[in-house]
file entry-v1.csv (CSV, C-alpha atoms)
chain,number,residue,atom,x,y,z
A,1,MET,CA,-4.3,3.6,27.9
A,2,LYS,CA,-2.8,2.0,24.9
A,3,PHE,CA,-5.2,-0.1,22.8
A,4,SER,CA,-4.4,-3.0,20.4
A,5,ASN,CA,-5.2,-2.7,16.7
A,6,SER,CA,-8.1,-5.0,17.0
A,7,GLU,CA,-9.5,-3.0,20.0
A,8,ARG,CA,-9.1,0.1,17.8
A,9,ASN,CA,-11.3,-1.5,15.2
A,10,LEU,CA,-8.5,-1.3,12.6
A,11,GLY,CA,-8.9,-3.4,9.5
A,12,ALA,CA,-6.7,-3.8,6.5
A,13,ILE,CA,-7.1,-4.0,2.7
A,14,VAL,CA,-4.3,-5.7,0.7
A,15,LEU,CA,-4.3,-4.9,-3.1
A,16,ALA,CA,-3.5,-7.9,-5.1
A,17,ALA,CA,-5.5,-7.7,-8.3
A,18,GLY,CA,-3.0,-6.2,-10.8
A,19,LYS,CA,-1.9,-8.1,-13.9
A,20,GLY,CA,1.9,-7.4,-13.4
A,21,SER,CA,2.4,-6.7,-17.0
A,22,ARG,CA,6.1,-5.6,-16.6
A,23,ILE,CA,6.9,-8.9,-14.8
A,24,LYS,CA,5.1,-10.7,-17.7
A,25,ALA,CA,3.0,-12.7,-15.4
A,26,LYS,CA,0.7,-15.2,-17.3
A,27,ASN,CA,-1.1,-17.7,-15.2
A,28,VAL,CA,0.1,-16.6,-11.7
A,29,ASN,CA,-0.4,-13.2,-10.1
A,30,LYS,CA,3.0,-11.7,-9.2
A,31,VAL,CA,2.0,-11.6,-5.5
A,32,ALA,CA,1.8,-15.4,-5.5
A,33,MET,CA,5.4,-15.7,-6.9
A,34,SER,CA,8.0,-16.9,-4.4
A,35,LEU,CA,10.1,-14.6,-2.3
A,36,ALA,CA,12.4,-16.1,0.4
A,37,GLY,CA,10.5,-19.4,0.3
A,38,LYS,CA,6.9,-18.2,0.4
A,39,PRO,CA,4.5,-16.3,-1.8
A,40,ILE,CA,5.2,-12.6,-1.8
A,41,ILE,CA,1.8,-11.8,-0.3
A,42,ARG,CA,2.3,-14.1,2.6
A,43,HIS,CA,4.9,-11.8,4.0
A,44,ALA,CA,2.3,-9.0,4.0
A,45,ILE,CA,-0.4,-11.1,5.7
A,46,GLU,CA,2.0,-12.4,8.3
A,47,LEU,CA,3.0,-8.9,9.1
A,48,LEU,CA,-0.6,-7.8,9.6
A,49,GLU,CA,-1.3,-10.8,11.8
A,50,LYS,CA,1.9,-10.0,13.9
A,51,ILE,CA,0.6,-6.5,14.7
A,52,ASN,CA,-2.8,-7.9,15.6
A,53,ILE,CA,-4.9,-6.8,12.7
A,54,LYS,CA,-7.5,-9.4,12.6
A,55,THR,CA,-9.8,-8.2,9.8
A,56,ILE,CA,-8.0,-8.5,6.4
A,57,VAL,CA,-9.5,-8.1,3.0
A,58,VAL,CA,-7.5,-9.1,0.0
A,59,VAL,CA,-8.5,-7.7,-3.4
A,60,VAL,CA,-8.1,-10.2,-6.2
A,61,GLY,CA,-8.5,-10.0,-9.9
A,62,PHE,CA,-5.9,-11.2,-12.4
A,63,ALA,CA,-5.1,-14.9,-11.8
A,64,LYS,CA,-7.1,-14.8,-8.6
A,65,ALA,CA,-6.9,-18.5,-8.0
A,66,SER,CA,-3.1,-18.3,-7.5
A,67,VAL,CA,-3.6,-15.7,-4.8
A,68,ILE,CA,-6.4,-17.7,-3.1
A,69,ASN,CA,-4.3,-20.8,-3.2
A,70,ALA,CA,-1.4,-19.0,-1.6
A,71,LEU,CA,-3.5,-17.7,1.3
A,72,GLY,CA,-6.4,-20.1,1.8
A,73,GLN,CA,-9.4,-19.0,3.7
A,74,LYS,CA,-7.7,-17.0,6.5
A,75,VAL,CA,-8.7,-13.7,4.9
A,76,ILE,CA,-11.7,-12.1,3.3
A,77,TYR,CA,-11.7,-11.8,-0.5
A,78,ALA,CA,-13.0,-9.0,-2.7
A,79,GLU,CA,-12.9,-9.2,-6.4
A,80,GLN,CA,-12.0,-6.4,-8.8
A,81,ALA,CA,-13.6,-7.7,-11.9
A,82,LYS,CA,-12.3,-4.8,-14.1
A,83,ARG,CA,-8.8,-3.5,-13.3
A,84,LEU,CA,-9.6,0.2,-13.1
A,85,GLY,CA,-6.8,1.4,-10.7
A,86,THR,CA,-5.8,1.4,-7.1
A,87,ALA,CA,-8.7,3.6,-5.9
A,88,HIS,CA,-11.2,1.3,-7.6
A,89,ALA,CA,-9.5,-1.7,-6.1
A,90,ALA,CA,-9.7,-0.1,-2.6
A,91,PHE,CA,-13.4,0.7,-3.2
A,92,CYS,CA,-14.0,-3.0,-4.0
A,93,GLY,CA,-12.2,-4.0,-0.8
A,94,PHE,CA,-13.8,-1.3,1.4
A,95,LYS,CA,-17.3,-2.7,0.5
A,96,LYS,CA,-16.2,-6.1,2.1
A,97,LEU,CA,-15.1,-4.6,5.4
A,98,PRO,CA,-17.4,-5.3,8.4
A,99,GLU,CA,-19.5,-2.3,9.7
A,100,GLY,CA,-17.5,-2.0,12.9
A,101,ILE,CA,-14.2,-1.1,11.2
A,102,LYS,CA,-13.3,2.6,12.0
A,103,ASN,CA,-9.8,2.9,10.5
A,104,VAL,CA,-8.3,1.1,7.5
A,105,LEU,CA,-4.7,0.3,6.6
A,106,ILE,CA,-4.2,-0.2,2.8
A,107,ILE,CA,-1.1,-1.8,1.4
A,108,ASN,CA,0.0,-3.4,-1.8
A,109,GLY,CA,0.5,-7.1,-1.9
A,110,ASP,CA,3.7,-6.9,-3.9
A,111,ASP,CA,5.8,-4.3,-2.2
A,112,SER,CA,5.1,-4.8,1.5
A,113,ALA,CA,7.3,-7.8,2.1
A,114,PHE,CA,10.0,-5.7,3.6
A,115,TYR,CA,7.9,-3.6,6.0
A,116,ALA,CA,9.0,-3.9,9.6
A,117,GLY,CA,6.3,-4.5,12.1
A,118,LYS,CA,7.6,-1.6,14.3
A,119,MET,CA,7.5,0.8,11.4
A,120,ILE,CA,3.9,0.0,10.5
A,121,GLN,CA,3.0,0.2,14.2
A,122,ASP,CA,4.7,3.6,14.4
A,123,LEU,CA,2.6,4.7,11.4
A,124,ILE,CA,-0.5,3.5,13.1
A,125,GLU,CA,0.4,5.3,16.4
A,126,LYS,CA,1.1,8.5,14.5
A,127,HIS,CA,-2.3,8.3,12.8
A,128,PHE,CA,-4.2,7.9,16.0
A,129,SER,CA,-2.2,10.4,18.1
A,130,SER,CA,-2.6,13.0,15.4
A,131,ASN,CA,-6.3,12.3,15.0
A,132,ALA,CA,-5.6,12.2,11.3
A,133,ALA,CA,-8.1,11.4,8.5
A,134,LEU,CA,-5.3,10.0,6.3
A,135,THR,CA,-1.7,9.1,7.2
A,136,PHE,CA,0.7,7.7,4.6
A,137,LEU,CA,4.3,6.4,4.5
A,138,THR,CA,7.1,7.9,2.4
A,139,VAL,CA,10.5,6.5,1.6
A,140,GLU,CA,13.7,7.9,-0.1
A,141,LYS,CA,14.8,6.2,-3.3
A,142,ASP,CA,18.0,7.0,-5.2
A,143,ASN,CA,16.2,5.9,-8.4
A,144,PRO,CA,12.6,7.0,-7.9
A,145,GLU,CA,11.6,6.2,-11.5
A,146,SER,CA,8.0,4.9,-11.9
A,147,PHE,CA,6.9,6.0,-8.3
A,148,GLY,CA,4.7,8.8,-7.2
A,149,ARG,CA,6.7,11.8,-5.9
A,150,VAL,CA,6.0,13.7,-2.7
A,151,ALA,CA,6.1,17.5,-3.1
A,152,ARG,CA,6.7,19.7,-0.1
A,153,ASP,CA,7.1,23.5,0.4
A,154,GLU,CA,10.2,25.2,1.7
A,155,ASN,CA,9.1,24.5,5.3
A,156,GLY,CA,8.6,20.8,4.6
A,157,LYS,CA,4.8,21.0,4.6
A,158,LEU,CA,3.1,18.4,2.4
A,159,ILE,CA,1.7,20.0,-0.8
A,160,ALA,CA,0.8,17.1,-3.1
A,161,VAL,CA,1.8,13.7,-4.4
A,162,PHE,CA,2.3,13.3,-8.2
A,163,GLU,CA,2.1,10.1,-10.1
A,164,GLU,CA,5.1,9.4,-12.4
A,165,LYS,CA,2.9,9.7,-15.5
A,166,ASN,CA,1.7,13.1,-14.5
A,167,ALA,CA,4.9,14.6,-13.0
A,168,THR,CA,6.9,17.4,-14.6
A,169,PRO,CA,10.6,16.9,-15.3
A,170,VAL,CA,11.4,18.9,-12.1
A,171,GLN,CA,9.0,16.8,-10.0
A,172,LYS,CA,10.6,13.6,-11.4
A,173,ARG,CA,13.9,14.6,-9.7
A,174,ILE,CA,12.3,14.4,-6.3
A,175,LYS,CA,13.6,11.3,-4.4
A,176,GLU,CA,10.9,11.1,-1.7
A,177,ILE,CA,8.3,8.8,-2.9
A,178,ASN,CA,4.9,7.6,-1.8
A,179,ALA,CA,5.3,4.0,-0.7
A,180,GLY,CA,1.6,3.1,-1.2
A,181,CYS,CA,1.0,2.4,2.5
A,182,TYR,CA,-1.9,4.4,3.9
A,183,ILE,CA,-4.2,4.5,7.0
A,184,TYR,CA,-7.6,6.2,6.6
A,185,THR,CA,-10.6,6.7,8.8
A,186,ALA,CA,-13.4,4.7,7.3
A,187,ALA,CA,-15.5,7.9,7.3
A,188,PHE,CA,-12.8,9.5,5.0
A,189,LEU,CA,-12.9,6.6,2.6
A,190,LYS,CA,-16.7,6.6,2.5
A,191,ARG,CA,-16.8,10.3,1.7
A,192,TYR,CA,-14.0,10.6,-0.8
A,193,LEU,CA,-13.5,7.3,-2.6
A,194,PRO,CA,-16.6,8.0,-4.8
A,195,LYS,CA,-15.1,11.4,-5.6
A,196,VAL,CA,-11.9,10.1,-7.2
A,197,LYS,CA,-11.9,11.0,-10.9
A,198,LYS,CA,-10.6,8.9,-13.7
A,199,ASN,CA,-7.0,9.8,-14.7
A,200,SER,CA,-7.0,11.4,-18.1
A,201,ILE,CA,-3.8,9.7,-19.1
A,202,SER,CA,-4.1,6.1,-17.7
A,203,LYS,CA,-7.9,6.0,-17.6
A,204,GLU,CA,-7.6,4.6,-14.0
A,205,TYR,CA,-8.6,5.7,-10.5
A,206,TYR,CA,-5.6,6.4,-8.2
A,207,LEU,CA,-5.4,6.2,-4.5
A,208,THR,CA,-3.0,9.1,-4.5
A,209,ASP,CA,-5.8,11.3,-5.6
A,210,LEU,CA,-7.3,10.9,-2.1
A,211,ILE,CA,-4.3,12.8,-0.7
A,212,ALA,CA,-5.2,15.8,-3.0
A,213,LEU,CA,-8.9,15.5,-2.1
A,214,GLY,CA,-8.0,15.5,1.6
A,215,ILE,CA,-5.7,18.5,1.3
A,216,GLU,CA,-8.3,20.5,-0.8
A,217,ASN,CA,-11.0,19.8,1.7
A,218,ASN,CA,-8.9,20.8,4.7
A,219,GLU,CA,-8.8,17.2,6.1
A,220,ASN,CA,-6.0,16.3,8.5
A,221,VAL,CA,-3.6,14.6,6.0
A,222,ILE,CA,-0.2,13.7,7.3
A,223,SER,CA,2.8,11.6,6.3
A,224,MET,CA,5.5,9.7,8.1
A,225,GLN,CA,9.0,9.7,6.5
A,226,ALA,CA,10.8,6.3,6.8
A,227,GLY,CA,14.0,7.6,5.1
A,228,GLU,CA,16.1,5.1,3.1
A,229,MET,CA,14.6,1.9,4.4
A,230,ALA,CA,14.9,-1.3,2.4
A,231,TRP,CA,11.8,-1.2,0.1
A,232,TRP,CA,11.0,-2.8,-3.2
A,233,GLY,CA,8.4,-2.1,-5.7
A,234,ILE,CA,8.4,-5.5,-7.4
A,235,ASN,CA,7.4,-4.8,-10.9
A,236,THR,CA,10.0,-6.7,-13.0
A,237,LYS,CA,11.8,-10.0,-12.8
A,238,GLU,CA,15.0,-8.1,-12.1
A,239,GLU,CA,13.4,-6.3,-9.1
A,240,LEU,CA,12.1,-9.7,-7.8
A,241,GLU,CA,15.7,-11.2,-8.1
A,242,GLU,CA,17.1,-8.2,-6.2
A,243,ALA,CA,14.5,-8.5,-3.5
A,244,GLU,CA,15.2,-12.2,-3.2
A,245,LEU,CA,18.9,-11.6,-2.8
A,246,TYR,CA,18.3,-8.9,-0.2
A,247,LYS,CA,15.8,-11.0,1.7
A,248,LYS,CA,18.1,-14.0,1.8
A,249,THR,CA,21.1,-11.9,2.9
A,250,HIS,CA,19.0,-10.2,5.6
A,251,LEU,CA,17.7,-13.6,7.0
A,252,LEU,CA,21.2,-15.0,7.1
A,253,LYS,CA,22.3,-11.9,9.1
A,254,GLN,CA,19.5,-12.5,11.6
A,255,GLU,CA,20.4,-16.1,12.1
A,256,ASN,CA,24.1,-15.3,12.8
call {"tool": "encode", "arguments": {"input": "entry-v1.csv", "output": "structure tokens"}}
result
Amino acid sequence: MKFSNSERNLGAIVLAAGKGSRIKAKNVNKVAMSLAGKPIIRHAIELLEKINIKTIVVVVGFAKASVINALGQKVIYAEQAKRLGTAHAAFCGFKKLPEGIKNVLIINGDDSAFYAGKMIQDLIEKHFSSNAALTFLTVEKDNPESFGRVARDENGKLIAVFEEKNATPVQKRIKEINAGCYIYTAAFLKRYLPKVKKNSISKEYYLTDLIALGIENNENVISMQAGEMAWWGINTKEELEEAELYKKTHLLKQEN
């Protein structure tokens, strides 16, 4: 029998607390900036609603009023008062989830506007069918600069994920990147989120470290490769402009 995501007790956390320093955001969080006629984060929320995820926590921080104004009261809000990285933001969001949630989808509010509902549903199905503790999405980028790289052995088995700041020159040439889209069991998050250590370079706590913790502790950690899908990490004004152009072109093709 196939269950819906709400019946599976699947909730979601959307990370939207970052300052967006490279896009030079001042009074508006970058996820509240417009993309194809609506705030960037609205694309993510509508996707989650489309695949029947009813419990959604949005983690706010920088310019939080702009995010709340963009979404209203249709979601649960968690505040990350100090911006200490993605794992810390996820921890803030996790504390706001209701007790009954057994699995948690975590996405970024700024780069999830191009996710297809079917692809996310496929990721969810793989997570449940594999009885995984952690399942994450990877994509191929011709220019992977600034993204975490996915390292595999000669047989394609997942070894680790390296943040750009910590990657060696050889690792930086890897084109398969971590898209920052994860599904965890709530039990895994409860056990390992408190064990994430502060990065020695950035002084932040990274969600990618949960992958390493899972592998080190023989948890069932798997990935789903999405190939060369349309995907944007919207970190600069130029990337936002490129995303806007692609989104408009894509919508026009759908209409014709």
call {"tool": "atom_distance", "arguments": {"input": "entry-v1.csv", "atom1": "CA of Glu49 in chain A", "atom2": "CA of Asp122 in chain A"}}
result
15.8 Å
call {"tool": "closest_atom_pairs", "arguments": {"input": "entry-v1.csv", "of": "range 121-176 of chain A", "to": "range 3-10 of chain A", "cutoff": "10 Å", "atoms": "only C-alpha atoms", "output": "tab-separated table"}}
result
residue	atom	partner	partner_atom	distance
A:Gln121	CA	A:Asn5	CA	9.0
A:Ile124	CA	A:Asn5	CA	8.6
A:Glu125	CA	A:Asn5	CA	9.8
A:Phe128	CA	A:Arg8	CA	9.4
call {"tool": "closest_residue", "arguments": {"input": "entry-v1.csv", "among": "A:Gly109, A:Gly61, A:Gly100, A:Gly227", "to": "Glu46 in chain A", "atoms": "only C-alpha atoms"}}
result
A:Gly109
call {"tool": "atom_distance", "arguments": {"input": "entry-v1.csv", "atom1": "CA of Arg83 in chain A", "atom2": "CA of Gly214 in chain A"}}
result
24.2 Å
call {"tool": "axis_aligned_box", "arguments": {"input": "entry-v1.csv", "around": "range 201-212 of chain A", "padding_each_side": "6 Å", "output": "lines of an AutoDock Vina configuration file"}}
result
center_x = -5.8
center_y = 10.2
center_z = -9.9
size_x = 17.6
size_y = 23.2
size_z = 30.4
call {"tool": "atom_distance", "arguments": {"input": "entry-v1.csv", "atom1": "CA of Ala65 in chain A", "atom2": "CA of Pro194 in chain A"}}
result
28.4 Å
